[in-house]
Amino acid sequence: MDYEAAFAGLKVIDLTGGVAGPSCAMMLAQHGADVIKIETPHNGGDWSRILGRTYGDHSAFSFYGTMGKRALALDLKTEKGKEILWRLIDGADVFMEGFKPGTIQRYGFGYDAVSAKNPGILYYSISGFGQTGPLAARPAMDPVLQAFTGIVTENKGEHDNHPHRIAISLIDMFSGLLGFQAISTSLYVRREQTVKQGRYIELSLMHGGAMLSVIRLIANYLERGTAQRTSMPNGVFNTSNGQINITMVRPTDWKPFCDSIERMDLFDNPRYASYKARGDNLDELLDIVRPAIRSRTTEWLSERLTERGIMNGRVNSYEEFLREEQVAATGIMAWLAQPGIAELVPMPNIPGLPPLVSGSKRAHAPRVGEHSRDVLAEHGYSADEVAALIRDKVIGVAE
């Protein structure tokens with residue numbers, strides 16, 4: 001075992017779809033586990049592959065969640081497909097499923113059935129609202145859970161005061177990391193056991209959303225929905241050539257901020273002299289500060305604010321972010337060749353691991369059924385048997 005492949009030798013069966021489950025399994029693959037991604041051979045495979053614009057067997061949603069895995073297209077609605085899955089479960093360390101609660105049990109692969117065949121297996125279930133309760137059967141994606149957990153209510157547009165979802169798959173990605181943490185710590189405990197003992201691990205996007213927003217959840221509850229206003233003019237401001245975010249948390253930031261925007265008269269004004277006074281008169285203060293900031297360039301403001309210890313950042317597009325010198329200097333991004341797309345795809349490197357290298361297993365996002373033949377051959381199926389399974393549409397293969 002080493003830091004670059006902590007889970008080498010482990011076998012993971014990944015039946016999740018979308019973003020949260022696949023990104024969790026992808027992290028296991030990045031750390032050396034043999035992750036076998038199982039998806040239907042029909043209708044494009046994992047539904048994340050067909051979200052938005054598609055590039056062959058991929059979309060922007062699926063590149064990240066499939067990297068480093070081996071892809072097996074398998075029809076679990078057939079008896080032969082179920083036989084194949086049982087053979088894969090033999091000797092597996094982790095079993096992951098993301099079906100609507102009750103579905104995997106109807107297929108015959110609930111925790112009781114799987115653990116009876118493989119007592120040491122770690123069984124992970126990811127769902128929208130959880131496995132029990134009145135909403136358990138309701139389908140859900142990230143935007144729904146952002147609304148349900150309260151996150152949307154805090155993201156109101158400045159111009160329309162209307163709640164908006166945060167465009168990134170916020171809860172999905174965070175839930176993926178929570179799942180990785182739960183599975184990883186379970187694997188850490190299990191490695192010391194002479195007789196491997198499995199366990200059932202369950203996570204919902206609802207739970208992930210609550211964990212993600214825990215600070216605001218607590219604060220909003222204790223303040224009964226009336227959050228204490230900041231005493232500083234924080235936020236995103238228009239400049240003469242763009243926008244800048246300014247964030248202040250300490251009362252001592254007030255004087256250097258006034259100096260930064262060349263408005264020391266504000267510092268001397270008793271209406272803004274104290275923490276409470278600024279909070280009481282914040283709207284009035286913002287009406288003064290905004291034009292002062294709007295008259296200067298982003299670069300001019302950023303330089304002066306930074307010199308005086310005030311946190312700030314230019315508001316970038318994603319493409320502008322990728323071009324930032326700081327991004328290049330830190331090496332956080334890799335540029336990878338992927339099937340179905342002519343240009344290189346930007347991909348963040350995984351913290352604690354070597355940079356992703358185009359063409360390597362870790363950096364490759366497989367097509368639907370790309371490894372079907374190889375996986376079945378490793379599990380005792382002959383070439384003739386595989387050919388028959390393909391012919392009968394029990395499995396699919398990438399052309």
# chains A, B, ... in the order shown; residues from 1 in each chain; ligands from 1
>>> closest_atom_pairs(of="range 252-370 of chain A", to="range 228-243 of chain A", cutoff="12 Å", atoms="only C-alpha atoms", output="tab-separated table")
residue	atom	partner	partner_atom	distance
A:Thr252	CA	A:Met232	CA	10.6
A:Asp253	CA	A:Met232	CA	8.6
A:Trp254	CA	A:Met232	CA	7.4
A:Lys255	CA	A:Met232	CA	11.0
A:Phe257	CA	A:Pro233	CA	9.6
A:Cys258	CA	A:Pro233	CA	10.6
A:Ile261	CA	A:Thr239	CA	11.6
A:Leu266	CA	A:Pro233	CA	11.9
A:Phe267	CA	A:Met232	CA	12.0
A:Arg271	CA	A:Ser231	CA	11.9
A:Tyr272	CA	A:Ser231	CA	9.1
A:Ala273	CA	A:Ser231	CA	10.6
A:Ser274	CA	A:Ser231	CA	8.6
A:Tyr275	CA	A:Ser231	CA	5.6
A:Lys276	CA	A:Ser231	CA	6.7
A:Ala277	CA	A:Ser231	CA	7.8
A:Arg278	CA	A:Ser231	CA	5.0
A:Gly279	CA	A:Ser231	CA	4.1
A:Asp280	CA	A:Ser231	CA	7.9
A:Asn281	CA	A:Ser231	CA	8.7
A:Leu282	CA	A:Ser231	CA	6.8
A:Asp283	CA	A:Pro233	CA	8.8
A:Glu284	CA	A:Pro233	CA	10.2
A:Leu285	CA	A:Pro233	CA	7.3
A:Leu286	CA	A:Pro233	CA	6.1
A:Asp287	CA	A:Pro233	CA	9.9
A:Ile288	CA	A:Pro233	CA	10.1
A:Val289	CA	A:Pro233	CA	7.6
A:Arg290	CA	A:Phe237	CA	6.6
A:Pro291	CA	A:Asn238	CA	8.6
A:Ala292	CA	A:Thr239	CA	8.9
A:Ile293	CA	A:Thr239	CA	5.7
A:Arg294	CA	A:Thr239	CA	4.0
A:Ser295	CA	A:Ser240	CA	5.5
A:Arg296	CA	A:Ser240	CA	5.4
A:Thr297	CA	A:Ser240	CA	5.0
A:Thr298	CA	A:Thr239	CA	5.7
A:Glu299	CA	A:Asn241	CA	9.0
A:Trp300	CA	A:Thr239	CA	9.7
A:Leu301	CA	A:Thr239	CA	8.6
A:Ser302	CA	A:Gln243	CA	10.6
A:Ile310	CA	A:Asn234	CA	10.8
A:Met311	CA	A:Asn234	CA	10.1
A:Asn312	CA	A:Gly235	CA	9.5
A:Gly313	CA	A:Gln243	CA	8.9
A:Arg314	CA	A:Gln243	CA	6.2
A:Val315	CA	A:Gln243	CA	5.4
A:Asn316	CA	A:Gln243	CA	8.3
A:Ser317	CA	A:Gln243	CA	10.9
>>> write_last_selection(atoms="N, CA and C atoms", output="short mmCIF file (atom, residue, chain, number, x, y, z; two decimals), in the first residue's frame")
data_model
loop_
_atom_site.label_atom_id
_atom_site.label_comp_id
_atom_site.auth_asym_id
_atom_site.auth_seq_id
_atom_site.Cartn_x
_atom_site.Cartn_y
_atom_site.Cartn_z
N THR A 252 -11.58 45.81 12.14
CA THR A 252 -10.36 46.56 11.79
C THR A 252 -10.17 46.70 10.28
N ASP A 253 -11.00 45.99 9.49
CA ASP A 253 -10.91 46.11 8.03
C ASP A 253 -11.49 47.43 7.53
N TRP A 254 -12.29 48.09 8.37
CA TRP A 254 -13.03 49.26 7.89
C TRP A 254 -12.10 50.40 7.44
N LYS A 255 -11.12 50.74 8.25
CA LYS A 255 -10.23 51.86 7.89
C LYS A 255 -9.44 51.56 6.61
N PHE A 257 -10.16 49.62 4.24
CA PHE A 257 -11.09 49.59 3.10
C PHE A 257 -11.38 51.01 2.62
N CYS A 258 -11.69 51.89 3.55
CA CYS A 258 -11.95 53.29 3.17
C CYS A 258 -10.74 53.90 2.46
N ILE A 261 -10.43 52.63 -1.28
CA ILE A 261 -11.30 53.24 -2.29
C ILE A 261 -11.22 54.77 -2.27
N LEU A 266 -15.56 58.53 4.86
CA LEU A 266 -16.49 57.56 5.43
C LEU A 266 -16.02 57.07 6.79
N PHE A 267 -14.72 56.90 6.93
CA PHE A 267 -14.16 56.45 8.19
C PHE A 267 -14.38 57.50 9.28
N ARG A 271 -21.78 58.26 11.40
CA ARG A 271 -22.85 57.33 11.02
C ARG A 271 -22.29 55.94 10.69
N TYR A 272 -21.00 55.87 10.43
CA TYR A 272 -20.37 54.59 10.08
C TYR A 272 -19.18 54.27 10.98
N ALA A 273 -19.10 54.94 12.13
CA ALA A 273 -17.90 54.84 12.97
C ALA A 273 -17.80 53.53 13.74
N SER A 274 -18.93 52.89 14.02
CA SER A 274 -18.90 51.67 14.82
C SER A 274 -19.49 50.50 14.03
N TYR A 275 -19.25 49.31 14.56
CA TYR A 275 -19.79 48.10 13.95
C TYR A 275 -21.30 48.19 13.84
N LYS A 276 -21.96 48.61 14.94
CA LYS A 276 -23.42 48.70 14.95
C LYS A 276 -23.91 49.80 14.02
N ALA A 277 -23.21 50.92 14.02
CA ALA A 277 -23.65 52.04 13.18
C ALA A 277 -23.61 51.66 11.70
N ARG A 278 -22.58 50.96 11.30
CA ARG A 278 -22.49 50.56 9.90
C ARG A 278 -23.60 49.56 9.55
N GLY A 279 -23.90 48.66 10.49
CA GLY A 279 -24.98 47.71 10.25
C GLY A 279 -26.33 48.39 10.15
N ASP A 280 -26.57 49.37 11.01
CA ASP A 280 -27.85 50.09 10.99
C ASP A 280 -28.02 50.93 9.73
N ASN A 281 -26.92 51.38 9.16
CA ASN A 281 -26.97 52.29 8.01
C ASN A 281 -26.36 51.65 6.76
N LEU A 282 -26.45 50.31 6.67
CA LEU A 282 -25.74 49.61 5.60
C LEU A 282 -26.27 49.97 4.21
N ASP A 283 -27.58 50.06 4.06
CA ASP A 283 -28.13 50.38 2.74
C ASP A 283 -27.65 51.75 2.27
N GLU A 284 -27.67 52.68 3.17
CA GLU A 284 -27.18 54.03 2.86
C GLU A 284 -25.69 54.00 2.51
N LEU A 285 -24.94 53.20 3.26
CA LEU A 285 -23.50 53.09 3.03
C LEU A 285 -23.22 52.46 1.66
N LEU A 286 -23.98 51.45 1.32
CA LEU A 286 -23.79 50.81 0.02
C LEU A 286 -24.08 51.78 -1.13
N ASP A 287 -25.05 52.66 -0.95
CA ASP A 287 -25.36 53.64 -2.00
C ASP A 287 -24.19 54.60 -2.24
N ILE A 288 -23.35 54.77 -1.23
CA ILE A 288 -22.16 55.64 -1.37
C ILE A 288 -20.98 54.85 -1.94
N VAL A 289 -20.81 53.61 -1.44
CA VAL A 289 -19.65 52.80 -1.80
C VAL A 289 -19.71 52.31 -3.25
N ARG A 290 -20.89 51.92 -3.69
CA ARG A 290 -21.00 51.35 -5.04
C ARG A 290 -20.51 52.29 -6.14
N PRO A 291 -20.91 53.55 -6.15
CA PRO A 291 -20.39 54.44 -7.20
C PRO A 291 -18.88 54.65 -7.10
N ALA A 292 -18.35 54.67 -5.87
CA ALA A 292 -16.91 54.84 -5.70
C ALA A 292 -16.15 53.66 -6.30
N ILE A 293 -16.67 52.47 -6.10
CA ILE A 293 -16.02 51.27 -6.65
C ILE A 293 -16.22 51.22 -8.16
N ARG A 294 -17.41 51.60 -8.62
CA ARG A 294 -17.72 51.54 -10.04
C ARG A 294 -16.86 52.49 -10.89
N SER A 295 -16.28 53.47 -10.25
CA SER A 295 -15.46 54.46 -10.98
C SER A 295 -14.03 53.99 -11.20
N ARG A 296 -13.68 52.84 -10.62
CA ARG A 296 -12.30 52.34 -10.71
C ARG A 296 -12.27 50.99 -11.43
N THR A 297 -11.09 50.66 -11.95
CA THR A 297 -10.94 49.37 -12.61
C THR A 297 -10.79 48.25 -11.57
N THR A 298 -11.09 47.05 -12.00
CA THR A 298 -10.93 45.89 -11.13
C THR A 298 -9.49 45.75 -10.68
N GLU A 299 -8.56 45.93 -11.60
CA GLU A 299 -7.13 45.77 -11.30
C GLU A 299 -6.66 46.79 -10.27
N TRP A 300 -7.09 48.04 -10.44
CA TRP A 300 -6.70 49.12 -9.52
C TRP A 300 -7.21 48.81 -8.11
N LEU A 301 -8.47 48.42 -8.02
CA LEU A 301 -9.06 48.11 -6.73
C LEU A 301 -8.40 46.90 -6.08
N SER A 302 -8.18 45.85 -6.87
CA SER A 302 -7.61 44.62 -6.32
C SER A 302 -6.21 44.88 -5.76
N ILE A 310 -7.15 43.43 2.55
CA ILE A 310 -8.59 43.20 2.40
C ILE A 310 -8.80 42.10 1.36
N MET A 311 -9.55 41.06 1.73
CA MET A 311 -9.80 39.94 0.83
C MET A 311 -10.63 40.39 -0.37
N ASN A 312 -10.19 39.96 -1.55
CA ASN A 312 -10.91 40.35 -2.75
C ASN A 312 -10.59 39.38 -3.87
N GLY A 313 -11.44 39.36 -4.88
CA GLY A 313 -11.19 38.51 -6.04
C GLY A 313 -12.00 38.98 -7.23
N ARG A 314 -11.35 39.03 -8.37
CA ARG A 314 -12.05 39.37 -9.61
C ARG A 314 -13.12 38.33 -9.89
N VAL A 315 -14.26 38.75 -10.38
CA VAL A 315 -15.32 37.83 -10.78
C VAL A 315 -15.00 37.33 -12.18
N ASN A 316 -14.65 36.06 -12.26
CA ASN A 316 -14.24 35.44 -13.53
C ASN A 316 -15.35 34.58 -14.11
N SER A 317 -15.29 34.39 -15.41
CA SER A 317 -16.01 33.28 -16.02
C SER A 317 -15.16 32.04 -15.80
#
>>> residues_around(residues="Asn118 in chain A", least_positions_apart="3", cutoff="10 Å", atoms="only C-alpha atoms", output="mmCIF file with C-alpha atoms, in the first residue's frame")
data_model
loop_
_atom_site.group_PDB
_atom_site.id
_atom_site.type_symbol
_atom_site.label_atom_id
_atom_site.label_comp_id
_atom_site.auth_asym_id
_atom_site.auth_seq_id
_atom_site.Cartn_x
_atom_site.Cartn_y
_atom_site.Cartn_z
ATOM 1 C CA TRP A 86 -23.639 -12.317 -8.820
ATOM 2 C CA ILE A 89 -20.060 -9.679 -6.430
ATOM 3 C CA ASP A 90 -18.005 -12.726 -5.495
ATOM 4 C CA GLY A 91 -14.792 -11.322 -4.042
ATOM 5 C CA ALA A 92 -15.928 -7.675 -4.251
ATOM 6 C CA ASP A 93 -15.058 -5.286 -1.439
ATOM 7 C CA TYR A 111 -28.155 -5.679 1.312
ATOM 8 C CA ASP A 112 -29.457 -8.845 2.973
ATOM 9 C CA ALA A 113 -29.115 -10.864 -0.239
ATOM 10 C CA VAL A 114 -25.684 -9.488 -1.177
ATOM 11 C CA SER A 115 -24.205 -9.747 2.326
ATOM 12 C CA ILE A 121 -18.838 -6.477 1.588
ATOM 13 C CA LEU A 122 -19.367 -2.772 2.231
ATOM 14 C CA LYS A 196 -13.855 -9.234 7.101
ATOM 15 C CA GLN A 197 -17.097 -7.801 8.424
ATOM 16 C CA GLY A 198 -19.249 -5.857 6.020
#
>>> select_by_dssp(residues="range 19-199 of chain A", states="strand (DSSP E or B)", output="PyMOL selection string")
chain A and resi 34-39+54-55+58-59+70-74+94-97+122-127+156+163+199
>>> residues_around(residues="range 134-138 of chain A", least_positions_apart="5", cutoff="12 Å", atoms="only C-alpha atoms", output="ChimeraX atom specification")
/A:99-103,126-129,144-145,148,204-206
>>> write_last_selection(atoms="N, CA and C atoms", output="PDB file, in the first residue's frame")
ATOM      1  N   PHE A  99     -30.251   3.296  -7.082  1.00  0.00           N
ATOM      2  CA  PHE A  99     -31.604   3.192  -7.613  1.00  0.00           C
ATOM      3  C   PHE A  99     -32.620   3.838  -6.665  1.00  0.00           C
ATOM      4  N   LYS A 100     -33.806   4.083  -7.168  1.00  0.00           N
ATOM      5  CA  LYS A 100     -34.889   4.538  -6.306  1.00  0.00           C
ATOM      6  C   LYS A 100     -35.112   3.492  -5.217  1.00  0.00           C
ATOM      7  N   PRO A 101     -35.286   3.906  -3.950  1.00  0.00           N
ATOM      8  CA  PRO A 101     -35.442   2.936  -2.870  1.00  0.00           C
ATOM      9  C   PRO A 101     -36.464   1.860  -3.192  1.00  0.00           C
ATOM     10  N   GLY A 102     -36.064   0.622  -2.962  1.00  0.00           N
ATOM     11  CA  GLY A 102     -36.893  -0.539  -3.226  1.00  0.00           C
ATOM     12  C   GLY A 102     -36.580  -1.234  -4.531  1.00  0.00           C
ATOM     13  N   THR A 103     -35.967  -0.512  -5.476  1.00  0.00           N
ATOM     14  CA  THR A 103     -35.706  -1.080  -6.803  1.00  0.00           C
ATOM     15  C   THR A 103     -34.656  -2.176  -6.753  1.00  0.00           C
ATOM     16  N   ILE A 126     -27.093   5.283  -2.207  1.00  0.00           N
ATOM     17  CA  ILE A 126     -27.257   6.729  -2.325  1.00  0.00           C
ATOM     18  C   ILE A 126     -28.616   7.003  -2.966  1.00  0.00           C
ATOM     19  N   SER A 127     -29.376   7.932  -2.393  1.00  0.00           N
ATOM     20  CA  SER A 127     -30.712   8.247  -2.902  1.00  0.00           C
ATOM     21  C   SER A 127     -30.977   9.735  -2.737  1.00  0.00           C
ATOM     22  N   GLY A 128     -32.145  10.167  -3.193  1.00  0.00           N
ATOM     23  CA  GLY A 128     -32.486  11.578  -3.093  1.00  0.00           C
ATOM     24  C   GLY A 128     -32.918  11.979  -1.696  1.00  0.00           C
ATOM     25  N   PHE A 129     -33.968  11.307  -1.188  1.00  0.00           N
ATOM     26  CA  PHE A 129     -34.547  11.680   0.102  1.00  0.00           C
ATOM     27  C   PHE A 129     -34.317  10.645   1.203  1.00  0.00           C
ATOM     28  N   VAL A 144     -33.635  20.064  -6.953  1.00  0.00           N
ATOM     29  CA  VAL A 144     -34.761  19.798  -6.060  1.00  0.00           C
ATOM     30  C   VAL A 144     -34.306  19.835  -4.606  1.00  0.00           C
ATOM     31  N   LEU A 145     -33.153  19.224  -4.333  1.00  0.00           N
ATOM     32  CA  LEU A 145     -32.660  19.185  -2.950  1.00  0.00           C
ATOM     33  C   LEU A 145     -32.126  20.540  -2.505  1.00  0.00           C
ATOM     34  N   PHE A 148     -35.322  22.022  -1.385  1.00  0.00           N
ATOM     35  CA  PHE A 148     -35.909  21.347  -0.232  1.00  0.00           C
ATOM     36  C   PHE A 148     -35.143  21.645   1.053  1.00  0.00           C
ATOM     37  N   SER A 204     -28.200  10.145   1.649  1.00  0.00           N
ATOM     38  CA  SER A 204     -29.156  10.775   0.749  1.00  0.00           C
ATOM     39  C   SER A 204     -28.646  12.158   0.362  1.00  0.00           C
ATOM     40  N   LEU A 205     -29.113  12.642  -0.778  1.00  0.00           N
ATOM     41  CA  LEU A 205     -28.781  14.013  -1.156  1.00  0.00           C
ATOM     42  C   LEU A 205     -29.358  15.000  -0.143  1.00  0.00           C
ATOM     43  N   MET A 206     -30.475  14.658   0.457  1.00  0.00           N
ATOM     44  CA  MET A 206     -31.047  15.493   1.518  1.00  0.00           C
ATOM     45  C   MET A 206     -30.070  15.625   2.682  1.00  0.00           C
TER      46      MET A 206
END
>>> residues_around(residues="range 47-51 of chain A", least_positions_apart="4", cutoff="10 Å", atoms="only C-alpha atoms", output="list in words")
Gly17, Gly18, Val19, Pro22, Glu39, Thr40, Asn43, Tyr55, Gly56, Asp57, His58, Ser59, Ala60, Phe61, Ser62, Phe63, Gly65, Thr66, Arg367 and Val368 of chain A
>>> write_last_selection(atoms="C-alpha atoms", output="mmCIF file, in the first residue's frame")
data_model
loop_
_atom_site.group_PDB
_atom_site.id
_atom_site.type_symbol
_atom_site.label_atom_id
_atom_site.label_comp_id
_atom_site.auth_asym_id
_atom_site.auth_seq_id
_atom_site.Cartn_x
_atom_site.Cartn_y
_atom_site.Cartn_z
ATOM 1 C CA GLY A 17 -25.856 6.890 -11.890
ATOM 2 C CA GLY A 18 -25.903 10.645 -12.181
ATOM 3 C CA VAL A 19 -23.295 12.643 -10.274
ATOM 4 C CA PRO A 22 -20.420 8.042 -9.693
ATOM 5 C CA GLU A 39 -24.853 0.576 -16.583
ATOM 6 C CA THR A 40 -27.636 -0.398 -18.904
ATOM 7 C CA ASN A 43 -30.706 4.205 -23.913
ATOM 8 C CA TYR A 55 -19.743 14.150 -27.028
ATOM 9 C CA GLY A 56 -20.020 10.586 -28.237
ATOM 10 C CA ASP A 57 -20.849 8.546 -25.117
ATOM 11 C CA HIS A 58 -20.249 11.484 -22.799
ATOM 12 C CA SER A 59 -21.516 14.820 -21.573
ATOM 13 C CA ALA A 60 -19.771 17.327 -19.312
ATOM 14 C CA PHE A 61 -21.522 15.549 -16.424
ATOM 15 C CA SER A 62 -20.030 12.129 -17.126
ATOM 16 C CA PHE A 63 -16.343 12.797 -17.860
ATOM 17 C CA GLY A 65 -17.721 10.632 -12.734
ATOM 18 C CA THR A 66 -16.360 7.842 -14.950
ATOM 19 C CA ARG A 367 -17.416 4.669 -23.165
ATOM 20 C CA VAL A 368 -20.523 2.603 -22.422
#
>>> select_by_dssp(residues="range 125-360 of chain A", states="alpha helix (DSSP H)", output="VMD selection string")
chain A and resid 142 to 149 170 to 190 205 to 212 214 to 222 254 to 260 264 to 268 275 to 280 282 to 294 298 to 307 318 to 322 325 to 330
>>> atom_distance(atom1="CA of Phe180 in chain A", atom2="CA of Gln105 in chain A")
23.2 Å
>>> residues_around(residues="range 355-365 of chain A", least_positions_apart="3", cutoff="12 Å", atoms="only C-alpha atoms", output="MDAnalysis selection string")
chainID A and resid 4:5 22:23 26:35 37 49 55:71 330:341 344:352 368:371
>>> write_last_selection(atoms="C-alpha atoms", output="compact mmCIF listing (two decimals), in the first residue's frame")
# COMPACT_ATOMS: atom_id res chain seq x y z
CA GLU A 4 -0.63 6.99 -4.66
CA ALA A 5 -2.78 3.82 -4.70
CA PRO A 22 -20.42 8.04 -9.69
CA SER A 23 -18.17 10.80 -8.34
CA MET A 26 -14.52 7.69 -9.19
CA MET A 27 -12.55 8.79 -6.13
CA LEU A 28 -12.12 5.15 -5.13
CA ALA A 29 -10.80 4.43 -8.63
CA GLN A 30 -8.41 7.37 -8.45
CA HIS A 31 -6.95 5.87 -5.28
CA GLY A 32 -6.26 2.53 -6.96
CA ALA A 33 -9.44 0.47 -6.62
CA ASP A 34 -10.68 -1.57 -9.57
CA VAL A 35 -14.07 0.07 -10.04
CA LYS A 37 -19.09 0.68 -13.58
CA ARG A 49 -23.96 10.69 -20.17
CA TYR A 55 -19.74 14.15 -27.03
CA GLY A 56 -20.02 10.59 -28.24
CA ASP A 57 -20.85 8.55 -25.12
CA HIS A 58 -20.25 11.48 -22.80
CA SER A 59 -21.52 14.82 -21.57
CA ALA A 60 -19.77 17.33 -19.31
CA PHE A 61 -21.52 15.55 -16.42
CA SER A 62 -20.03 12.13 -17.13
CA PHE A 63 -16.34 12.80 -17.86
CA TYR A 64 -15.51 13.36 -14.20
CA GLY A 65 -17.72 10.63 -12.73
CA THR A 66 -16.36 7.84 -14.95
CA MET A 67 -12.61 8.56 -14.92
CA GLY A 68 -10.44 5.62 -13.98
CA LYS A 69 -13.26 3.07 -14.03
CA ARG A 70 -13.90 0.05 -16.23
CA ALA A 71 -17.27 0.14 -17.96
CA THR A 330 -0.21 25.83 -8.77
CA GLY A 331 -0.76 23.04 -11.30
CA ILE A 332 -4.26 22.24 -10.10
CA MET A 333 -5.61 21.57 -13.60
CA ALA A 334 -4.85 18.82 -16.10
CA TRP A 335 -5.80 18.90 -19.79
CA LEU A 336 -6.97 15.50 -20.94
CA ALA A 337 -7.81 13.79 -24.21
CA GLN A 338 -11.17 12.03 -23.89
CA PRO A 339 -13.19 9.82 -26.24
CA GLY A 340 -15.73 11.65 -28.33
CA ILE A 341 -14.24 15.12 -28.14
CA LEU A 344 -8.52 18.63 -24.53
CA VAL A 345 -10.82 18.64 -21.51
CA PRO A 346 -9.86 20.66 -18.40
CA MET A 347 -9.94 18.47 -15.29
CA PRO A 348 -8.89 19.33 -11.73
CA ASN A 349 -6.15 17.09 -10.38
CA ILE A 350 -7.09 14.98 -7.36
CA PRO A 351 -5.55 16.38 -4.13
CA GLY A 352 -2.91 14.08 -2.67
CA VAL A 368 -20.52 2.60 -22.42
CA GLY A 369 -19.49 -1.06 -22.33
CA GLU A 370 -15.86 -0.32 -23.19
CA HIS A 371 -14.56 -3.05 -20.87
>>> atom_distance(atom1="CA of Ile151 in chain A", atom2="CA of Asp46 in chain A")
27.1 Å
>>> residues_around(residues="Gly396 in chain A", least_positions_apart="5", cutoff="6 Å", atoms="only C-alpha atoms", output="NGL selection string")
:A and (41 or 73 or 369 or 390)
>>> write_last_selection(atoms="N, CA and C atoms", output="tab-separated table (two decimals), in the first residue's frame")
chain	number	residue	atom	x	y	z
A	41	PRO	N	-27.13	-1.33	-21.11
A	41	PRO	CA	-26.62	-1.24	-22.48
A	41	PRO	C	-27.59	-0.50	-23.40
A	73	ALA	N	-21.48	-2.76	-19.70
A	73	ALA	CA	-22.90	-2.53	-20.00
A	73	ALA	C	-23.65	-3.83	-19.79
A	369	GLY	N	-19.86	0.30	-21.98
A	369	GLY	CA	-19.49	-1.06	-22.33
A	369	GLY	C	-18.07	-1.22	-22.86
A	390	ILE	N	-23.63	-10.87	-25.97
A	390	ILE	CA	-23.76	-9.69	-26.81
A	390	ILE	C	-24.92	-9.86	-27.79
>>> atom_distance(atom1="CA of Gly130 in chain A", atom2="CA of Gly108 in chain A")
19.6 Å
>>> residues_around(residues="Ala20 in chain A", least_positions_apart="4", cutoff="7 Å", atoms="only C-alpha atoms", output="ChimeraX atom specification")
/A:24,172-173,175-176
>>> write_last_selection(atoms="N, CA and C atoms", output="mmCIF file, in the first residue's frame")
data_model
loop_
_atom_site.group_PDB
_atom_site.id
_atom_site.type_symbol
_atom_site.label_atom_id
_atom_site.label_comp_id
_atom_site.auth_asym_id
_atom_site.auth_seq_id
_atom_site.Cartn_x
_atom_site.Cartn_y
_atom_site.Cartn_z
ATOM 1 N N CYS A 24 -18.329 9.593 -6.231
ATOM 2 C CA CYS A 24 -17.797 8.868 -5.069
ATOM 3 C C CYS A 24 -16.987 7.666 -5.530
ATOM 4 N N ASP A 172 -24.740 17.329 -5.117
ATOM 5 C CA ASP A 172 -24.232 16.091 -5.712
ATOM 6 C C ASP A 172 -22.741 15.901 -5.430
ATOM 7 N N MET A 173 -21.950 16.931 -5.712
ATOM 8 C CA MET A 173 -20.502 16.813 -5.552
ATOM 9 C C MET A 173 -20.108 16.639 -4.092
ATOM 10 N N SER A 175 -22.019 15.422 -1.704
ATOM 11 C CA SER A 175 -22.469 14.095 -1.273
ATOM 12 C C SER A 175 -21.513 13.016 -1.768
ATOM 13 N N GLY A 176 -20.956 13.209 -2.974
ATOM 14 C CA GLY A 176 -19.959 12.262 -3.469
ATOM 15 C C GLY A 176 -18.768 12.168 -2.538
#
>>> closest_residue(among="A:Arg250, A:Leu203, A:Ala388, A:Leu15", to="Thr132 in chain A", atoms="only C-alpha atoms")
A:Leu203
>>> closest_residue(among="A:Gln131, A:Pro163, A:Tyr221, A:Asp265", to="Ile201 in chain A", atoms="only C-alpha atoms")
A:Gln131
>>> decode(residues="range 370-395 of chain A", atoms="C-alpha atoms", output="compact mmCIF listing (two decimals), in the first residue's frame")
# COMPACT_ATOMS: atom_id res chain seq x y z
CA GLU A 370 -15.86 -0.32 -23.19
CA HIS A 371 -14.56 -3.05 -20.87
CA SER A 372 -17.45 -5.52 -21.05
CA ARG A 373 -15.41 -8.23 -22.78
CA ASP A 374 -12.41 -7.86 -20.48
CA VAL A 375 -14.43 -7.88 -17.27
CA LEU A 376 -16.42 -10.96 -18.25
CA ALA A 377 -13.29 -12.81 -19.39
CA GLU A 378 -11.70 -12.14 -15.98
CA HIS A 379 -14.77 -13.62 -14.33
CA GLY A 380 -14.66 -16.90 -16.21
CA TYR A 381 -16.69 -16.26 -19.34
CA SER A 382 -15.35 -17.71 -22.57
CA ALA A 383 -15.20 -15.77 -25.83
CA ASP A 384 -18.14 -17.79 -27.17
CA GLU A 385 -20.19 -17.10 -24.06
CA VAL A 386 -19.45 -13.37 -24.30
CA ALA A 387 -20.42 -13.38 -27.98
CA ALA A 388 -23.72 -15.05 -27.10
CA LEU A 389 -24.41 -12.51 -24.35
CA ILE A 390 -23.76 -9.69 -26.81
CA ARG A 391 -26.03 -11.31 -29.37
CA ASP A 392 -28.80 -11.72 -26.77
CA LYS A 393 -28.33 -8.06 -25.69
CA VAL A 394 -27.56 -9.08 -22.13
CA ILE A 395 -24.37 -7.03 -22.34
